[in-house]
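As stored in data_16.pdb (PDB, C-alpha atoms, pLDDT in the B column):
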```
ATOM      1  CA  MET A   1       0.000   0.000   0.000  1.00 55.00           C
ATOM      2  CA  ARG A   2       1.371   3.435  -0.934  1.00 60.00           C
ATOM      3  CA  SER A   3       0.624   6.788   0.593  1.00 58.00           C
ATOM      4  CA  LYS A   4       1.316  10.212  -0.844  1.00 58.00           C
ATOM      5  CA  LYS A   5       1.143  11.862   2.549  1.00 56.00           C
ATOM      6  CA  GLN A   6       3.809  11.932   5.203  1.00 54.00           C
ATOM      7  CA  LEU A   7       2.186  10.968   8.478  1.00 53.00           C
ATOM      8  CA  SER A   8       3.941  13.539  10.696  1.00 53.00           C
ATOM      9  CA  GLN A   9       3.590  16.699   8.561  1.00 55.00           C
ATOM     10  CA  GLY A  10       0.844  16.063   6.056  1.00 52.00           C
ATOM     11  CA  ILE A  11       3.030  17.093   3.091  1.00 51.00           C
ATOM     12  CA  GLU A  12       2.536  15.337  -0.173  1.00 51.00           C
ATOM     13  CA  PHE A  13       5.584  14.040  -1.979  1.00 52.00           C
ATOM     14  CA  GLY A  14       5.727  14.842  -5.663  1.00 54.00           C
ATOM     15  CA  GLY A  15       3.042  17.487  -5.178  1.00 60.00           C
ATOM     16  CA  LYS A  16       2.938  21.190  -5.969  1.00 73.00           C
ATOM     17  CA  THR A  17       4.576  22.329  -2.715  1.00 76.00           C
ATOM     18  CA  SER A  18       7.840  20.454  -3.170  1.00 80.00           C
ATOM     19  CA  SER A  19       8.132  21.495  -6.808  1.00 82.00           C
ATOM     20  CA  LYS A  20       7.627  25.158  -5.799  1.00 82.00           C
ATOM     21  CA  VAL A  21      10.390  24.882  -3.194  1.00 83.00           C
ATOM     22  CA  PHE A  22      12.709  23.249  -5.713  1.00 84.00           C
ATOM     23  CA  LEU A  23      11.913  25.900  -8.347  1.00 84.00           C
ATOM     24  CA  GLY A  24      12.465  28.677  -5.781  1.00 83.00           C
ATOM     25  CA  LEU A  25      15.871  27.279  -4.813  1.00 84.00           C
ATOM     26  CA  LEU A  26      16.764  26.855  -8.454  1.00 86.00           C
ATOM     27  CA  CYS A  27      15.965  30.528  -9.144  1.00 87.00           C
ATOM     28  CA  LEU A  28      17.758  31.685  -5.979  1.00 89.00           C
ATOM     29  CA  ALA A  29      21.046  29.895  -6.763  1.00 89.00           C
ATOM     30  CA  PRO A  30      22.174  32.256  -9.588  1.00 89.00           C
ATOM     31  CA  ILE A  31      21.346  35.319  -7.469  1.00 91.00           C
ATOM     32  CA  ILE A  32      23.399  34.039  -4.537  1.00 91.00           C
ATOM     33  CA  THR A  33      26.243  33.041  -6.844  1.00 92.00           C
ATOM     34  CA  PHE A  34      26.250  36.492  -8.482  1.00 92.00           C
ATOM     35  CA  ALA A  35      26.269  38.223  -5.074  1.00 92.00           C
ATOM     36  CA  LEU A  36      29.195  36.093  -3.858  1.00 93.00           C
ATOM     37  CA  GLY A  37      31.110  36.739  -7.084  1.00 93.00           C
ATOM     38  CA  THR A  38      30.563  40.495  -6.758  1.00 94.00           C
ATOM     39  CA  TRP A  39      31.779  40.364  -3.164  1.00 94.00           C
ATOM     40  CA  GLN A  40      34.928  38.486  -4.258  1.00 95.00           C
ATOM     41  CA  VAL A  41      35.689  41.061  -6.978  1.00 94.00           C
ATOM     42  CA  LYS A  42      35.339  43.920  -4.454  1.00 95.00           C
ATOM     43  CA  ARG A  43      37.582  42.054  -2.032  1.00 95.00           C
ATOM     44  CA  LEU A  44      40.175  41.495  -4.788  1.00 95.00           C
ATOM     45  CA  LYS A  45      40.232  45.226  -5.592  1.00 95.00           C
ATOM     46  CA  TRP A  46      40.636  46.062  -1.888  1.00 94.00           C
ATOM     47  CA  LYS A  47      43.445  43.521  -1.483  1.00 94.00           C
ATOM     48  CA  ASN A  48      45.291  44.709  -4.622  1.00 94.00           C
ATOM     49  CA  LYS A  49      45.058  48.321  -3.393  1.00 93.00           C
ATOM     50  CA  LEU A  50      46.439  47.283   0.012  1.00 89.00           C
ATOM     51  CA  VAL A  51      49.359  45.362  -1.523  1.00 91.00           C
ATOM     52  CA  ALA A  52      50.169  48.232  -3.911  1.00 92.00           C
ATOM     53  CA  GLU A  53      50.148  50.706  -1.013  1.00 88.00           C
ATOM     54  CA  CYS A  54      52.522  48.523   1.037  1.00 86.00           C
ATOM     55  CA  GLU A  55      54.864  47.989  -1.923  1.00 88.00           C
ATOM     56  CA  ASP A  56      54.826  51.717  -2.634  1.00 88.00           C
ATOM     57  CA  ARG A  57      55.794  52.561   0.954  1.00 88.00           C
ATOM     58  CA  LEU A  58      58.683  50.105   0.776  1.00 88.00           C
ATOM     59  CA  THR A  59      60.163  52.098  -2.154  1.00 88.00           C
ATOM     60  CA  TYR A  60      60.407  55.313  -0.094  1.00 87.00           C
ATOM     61  CA  LYS A  61      63.827  56.346   1.188  1.00 91.00           C
ATOM     62  CA  PRO A  62      64.427  55.564   4.870  1.00 90.00           C
ATOM     63  CA  ILE A  63      63.609  58.336   7.344  1.00 86.00           C
ATOM     64  CA  PRO A  64      64.910  58.772  10.901  1.00 87.00           C
ATOM     65  CA  MET A  65      62.690  57.030  13.436  1.00 84.00           C
ATOM     66  CA  PRO A  66      60.188  59.593  14.792  1.00 80.00           C
ATOM     67  CA  ARG A  67      60.880  60.381  18.438  1.00 79.00           C
ATOM     68  CA  ASN A  68      57.291  60.138  19.659  1.00 79.00           C
ATOM     69  CA  VAL A  69      55.094  57.621  17.869  1.00 77.00           C
ATOM     70  CA  THR A  70      51.479  57.282  18.977  1.00 77.00           C
ATOM     71  CA  LYS A  71      48.965  54.584  18.126  1.00 77.00           C
ATOM     72  CA  GLU A  72      47.284  57.026  15.745  1.00 81.00           C
ATOM     73  CA  ASP A  73      50.572  57.476  13.808  1.00 79.00           C
ATOM     74  CA  LEU A  74      51.207  53.748  13.326  1.00 80.00           C
ATOM     75  CA  PRO A  75      48.872  53.109  10.347  1.00 77.00           C
ATOM     76  CA  ASN A  76      50.603  55.914   8.403  1.00 81.00           C
ATOM     77  CA  LEU A  77      54.056  54.548   9.256  1.00 83.00           C
ATOM     78  CA  GLU A  78      53.397  50.870   8.561  1.00 85.00           C
ATOM     79  CA  TYR A  79      55.790  49.429   5.947  1.00 87.00           C
ATOM     80  CA  ARG A  80      57.926  52.585   6.066  1.00 87.00           C
ATOM     81  CA  LYS A  81      61.691  52.191   6.240  1.00 89.00           C
ATOM     82  CA  VAL A  82      63.250  53.988   9.197  1.00 89.00           C
ATOM     83  CA  LEU A  83      66.784  54.440  10.500  1.00 90.00           C
ATOM     84  CA  VAL A  84      67.307  53.698  14.184  1.00 89.00           C
ATOM     85  CA  THR A  85      70.546  54.394  16.059  1.00 89.00           C
ATOM     86  CA  GLY A  86      71.384  52.737  19.357  1.00 90.00           C
ATOM     87  CA  HIS A  87      72.412  49.354  20.744  1.00 89.00           C
ATOM     88  CA  PHE A  88      70.843  45.940  21.341  1.00 86.00           C
ATOM     89  CA  ASP A  89      70.102  44.753  24.873  1.00 86.00           C
ATOM     90  CA  TYR A  90      71.037  41.088  24.503  1.00 80.00           C
ATOM     91  CA  SER A  91      70.257  40.352  28.171  1.00 84.00           C
ATOM     92  CA  ARG A  92      66.539  40.637  27.319  1.00 87.00           C
ATOM     93  CA  GLU A  93      66.520  38.703  24.038  1.00 85.00           C
ATOM     94  CA  VAL A  94      63.316  36.684  23.542  1.00 86.00           C
ATOM     95  CA  TYR A  95      63.095  33.434  21.588  1.00 87.00           C
ATOM     96  CA  VAL A  96      59.702  32.710  20.031  1.00 85.00           C
ATOM     97  CA  GLY A  97      59.182  29.140  19.054  1.00 82.00           C
ATOM     98  CA  PRO A  98      60.197  26.523  18.369  1.00 82.00           C
ATOM     99  CA  ARG A  99      59.808  27.205  14.661  1.00 82.00           C
ATOM    100  CA  LEU A 100      60.780  24.872  11.817  1.00 84.00           C
ATOM    101  CA  HIS A 101      62.868  26.139   8.896  1.00 83.00           C
ATOM    102  CA  ASP A 102      63.815  23.558   6.230  1.00 85.00           C
ATOM    103  CA  THR A 103      63.036  20.787   8.749  1.00 85.00           C
ATOM    104  CA  ARG A 104      65.494  22.297  11.265  1.00 86.00           C
ATOM    105  CA  ARG A 105      64.277  23.361  14.698  1.00 86.00           C
ATOM    106  CA  GLY A 106      64.978  26.913  15.753  1.00 87.00           C
ATOM    107  CA  TYR A 107      63.527  30.133  17.087  1.00 89.00           C
ATOM    108  CA  THR A 108      62.588  33.629  15.994  1.00 87.00           C
ATOM    109  CA  VAL A 109      64.775  36.114  17.878  1.00 87.00           C
ATOM    110  CA  VAL A 110      63.196  39.353  19.119  1.00 88.00           C
ATOM    111  CA  CYS A 111      65.580  41.767  20.821  1.00 87.00           C
ATOM    112  CA  PRO A 112      65.039  45.179  22.456  1.00 90.00           C
ATOM    113  CA  PHE A 113      66.951  47.999  20.743  1.00 89.00           C
ATOM    114  CA  VAL A 114      67.722  50.984  22.983  1.00 89.00           C
ATOM    115  CA  GLN A 115      67.709  54.196  20.945  1.00 87.00           C
ATOM    116  CA  SER A 116      70.570  56.570  21.611  1.00 86.00           C
ATOM    117  CA  ASN A 117      68.373  59.677  21.194  1.00 82.00           C
ATOM    118  CA  GLY A 118      66.519  58.812  24.414  1.00 78.00           C
ATOM    119  CA  ALA A 119      63.272  57.971  22.636  1.00 78.00           C
ATOM    120  CA  GLY A 120      63.041  54.615  24.378  1.00 81.00           C
ATOM    121  CA  GLU A 121      63.232  51.074  23.104  1.00 85.00           C
ATOM    122  CA  VAL A 122      61.870  49.308  20.060  1.00 85.00           C
ATOM    123  CA  LEU A 123      61.546  45.575  19.536  1.00 87.00           C
ATOM    124  CA  ILE A 124      63.519  44.274  16.575  1.00 87.00           C
ATOM    125  CA  ASP A 125      62.630  40.932  14.975  1.00 87.00           C
ATOM    126  CA  ARG A 126      66.096  39.639  14.124  1.00 85.00           C
ATOM    127  CA  GLY A 127      64.860  36.568  12.269  1.00 83.00           C
ATOM    128  CA  TRP A 128      65.220  32.824  12.656  1.00 85.00           C
ATOM    129  CA  ILE A 129      68.106  31.136  14.456  1.00 84.00           C
ATOM    130  CA  ALA A 130      68.931  27.436  14.812  1.00 81.00           C
ATOM    131  CA  ALA A 131      68.272  25.902  18.228  1.00 77.00           C
ATOM    132  CA  GLU A 132      71.962  25.145  18.801  1.00 79.00           C
ATOM    133  CA  LYS A 133      72.849  28.843  18.259  1.00 76.00           C
ATOM    134  CA  VAL A 134      70.465  30.281  20.860  1.00 75.00           C
ATOM    135  CA  ILE A 135      73.278  31.079  23.281  1.00 73.00           C
ATOM    136  CA  PRO A 136      74.928  34.257  21.867  1.00 70.00           C
ATOM    137  CA  SER A 137      78.492  33.108  22.670  1.00 71.00           C
ATOM    138  CA  GLN A 138      78.021  29.977  20.493  1.00 71.00           C
ATOM    139  CA  ARG A 139      77.146  31.936  17.343  1.00 72.00           C
ATOM    140  CA  ASN A 140      79.560  32.240  14.430  1.00 70.00           C
ATOM    141  CA  LEU A 141      80.598  35.649  13.094  1.00 71.00           C
ATOM    142  CA  GLN A 142      80.130  37.465  16.415  1.00 65.00           C
ATOM    143  CA  HIS A 143      80.520  40.898  14.814  1.00 64.00           C
ATOM    144  CA  LEU A 144      77.404  40.225  12.687  1.00 67.00           C
ATOM    145  CA  SER A 145      75.262  38.043  14.933  1.00 67.00           C
ATOM    146  CA  VAL A 146      75.902  40.010  18.152  1.00 73.00           C
ATOM    147  CA  PRO A 147      77.064  43.509  17.166  1.00 79.00           C
ATOM    148  CA  LYS A 148      78.488  45.584  20.020  1.00 82.00           C
ATOM    149  CA  GLY A 149      78.344  49.317  20.592  1.00 83.00           C
ATOM    150  CA  GLU A 150      76.235  51.922  18.866  1.00 88.00           C
ATOM    151  CA  ILE A 151      74.938  50.973  15.433  1.00 87.00           C
ATOM    152  CA  THR A 152      72.453  52.356  12.927  1.00 89.00           C
ATOM    153  CA  ILE A 153      70.047  49.876  11.390  1.00 88.00           C
ATOM    154  CA  GLU A 154      67.411  50.189   8.698  1.00 89.00           C
ATOM    155  CA  CYS A 155      64.065  48.741   9.779  1.00 87.00           C
ATOM    156  CA  VAL A 156      60.551  48.413   8.432  1.00 87.00           C
ATOM    157  CA  ILE A 157      57.802  49.472  10.824  1.00 85.00           C
ATOM    158  CA  ARG A 158      55.018  46.960  11.343  1.00 83.00           C
ATOM    159  CA  VAL A 159      51.828  47.468  13.306  1.00 80.00           C
ATOM    160  CA  PRO A 160      51.454  44.802  16.003  1.00 74.00           C
ATOM    161  CA  PRO A 161      48.580  42.381  15.338  1.00 74.00           C
ATOM    162  CA  LYS A 162      45.359  42.901  17.278  1.00 76.00           C
ATOM    163  CA  LYS A 163      44.733  40.450  20.068  1.00 74.00           C
ATOM    164  CA  GLY A 164      42.345  37.701  19.048  1.00 66.00           C
TER     165      GLY A 164
END
```
What does this structure look like when you write it as structure tokens?
Amino acid sequence: MRSKKQLSQGIEFGGKTSSKVFLGLLCLAPIITFALGTWQVKRLKWKNKLVAECEDRLTYKPIPMPRNVTKEDLPNLEYRKVLVTGHFDYSREVYVGPRLHDTRRGYTVVCPFVQSNGAGEVLIDRGWIAAEKVIPSQRNLQHLSVPKGEITIECVIRVPPKKG
């Protein structure tokens, strides 16, 4: 015995209601697809503009690091090259990791840089270092890996990421 009605809801299968729902979804699919495509094109334009702006700022000549930088100034300074004069404080070096680089274990080194103009300290990301070279005295080429005295370095300013 066959029944065209579902016992719990009283909806007929193969009737007009289900074909209307199917037809409605079929008509709605191109509209949704068009809206998503338009959104992606707008996002692509925004992203290309952002990348071009960052690449443009990287072509500017380096400027001296501004003495007083506020949170409001940071978006205008992001990806700008600056010159900073001072010395590293190796006693407060921070190792972030472990991080893998070509299947080798190591760390990202972040070191405070004390500015000689009295403007305070800035954190410098010095890059990746192998785990066996974490202790500064064990590093090769001491004059490059642990420079002493006052130096001037060229940096790129980055805005810290927002806390998630």
Practice prompt. Please provide as a VMD selection string all residues within 8 Å of region 80-87 of chain A, with the sequence filter that same-chain residues fewer than 6 positions apart are discarded (counting all atoms listed in the file).
Written response: chain A and resid 57 to 58 60 to 65 113 to 117 148 to 157
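Distance annotation: of A:Arg104, A:Pro112, A:Leu23, A:Leu36, the residue with the minimal separation from Ile129 (chain A) is A:Arg104; atom set is only C-alpha atoms.
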Worksheet item: What does the distance from CA of Glu78 (chain A) to CA of Asp125 (chain A) come to in Å, to one decimal?
Response: 15.0 Å
Residues in the PyMOL selection byres ((chain A and resi 161) around 12), expressed as a compact mmCIF listing (two decimals) with C-alpha atoms, in the coordinates of the input:
```
# COMPACT_ATOMS: atom_id res chain seq x y z
CA LEU A 74 51.21 53.75 13.33
CA PRO A 75 48.87 53.11 10.35
CA GLU A 78 53.40 50.87 8.56
CA ARG A 158 55.02 46.96 11.34
CA VAL A 159 51.83 47.47 13.31
CA PRO A 160 51.45 44.80 16.00
CA LYS A 162 45.36 42.90 17.28
CA LYS A 163 44.73 40.45 20.07
CA GLY A 164 42.34 37.70 19.05
```
Explicit residues for the PyMOL selection byres ((chain A and resi 95) around 8) (as a PDB file with C-alpha atoms, keeping the file's coordinate frame):
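Result saved to out.pdb:
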```
ATOM      1  CA  GLU A  93      66.520  38.703  24.038  1.00 85.00           C
ATOM      2  CA  VAL A  94      63.316  36.684  23.542  1.00 86.00           C
ATOM      3  CA  VAL A  96      59.702  32.710  20.031  1.00 85.00           C
ATOM      4  CA  GLY A  97      59.182  29.140  19.054  1.00 82.00           C
ATOM      5  CA  TYR A 107      63.527  30.133  17.087  1.00 89.00           C
ATOM      6  CA  THR A 108      62.588  33.629  15.994  1.00 87.00           C
ATOM      7  CA  VAL A 109      64.775  36.114  17.878  1.00 87.00           C
ATOM      8  CA  VAL A 110      63.196  39.353  19.119  1.00 88.00           C
TER       9      VAL A 110
END
```
Worksheet entry | Length of the CA of Gly118 (chain A) to CA of Asp89 (chain A) vector [Å] |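 Between CA of Gly118 (chain A) and CA of Asp89 (chain A) the gap works out to 14.5 Å.
Relative to CA of Gly106 (chain A), CA of Arg126 (chain A) is found at 12.9 Å.
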Practice prompt. Counting all atoms listed in the file, figure out which residue out of A:Val69, A:Cys27, A:Leu100, A:Ala52 gets nearest to Glu121 (chain A).
Written response: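 Ranking A:Val69, A:Cys27, A:Leu100, A:Ala52 by distance to Glu121 (chain A), first place goes to A:Val69.
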Discussion item. Ranking A:Thr33, A:Ala130, A:Ser91, A:Tyr79 by minimum distance to Val51 (chain A) and counting only C-alpha atoms, which one comes first?
Written reply: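 The shortest atom-to-atom distance to Val51 (chain A) comes from A:Tyr79.
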Fill in: Given only C-alpha atoms as the counted atoms, nearest of A:Leu25, A:Ala35, A:Val41, A:Val122 to Arg67 (chain A)
A:Val122
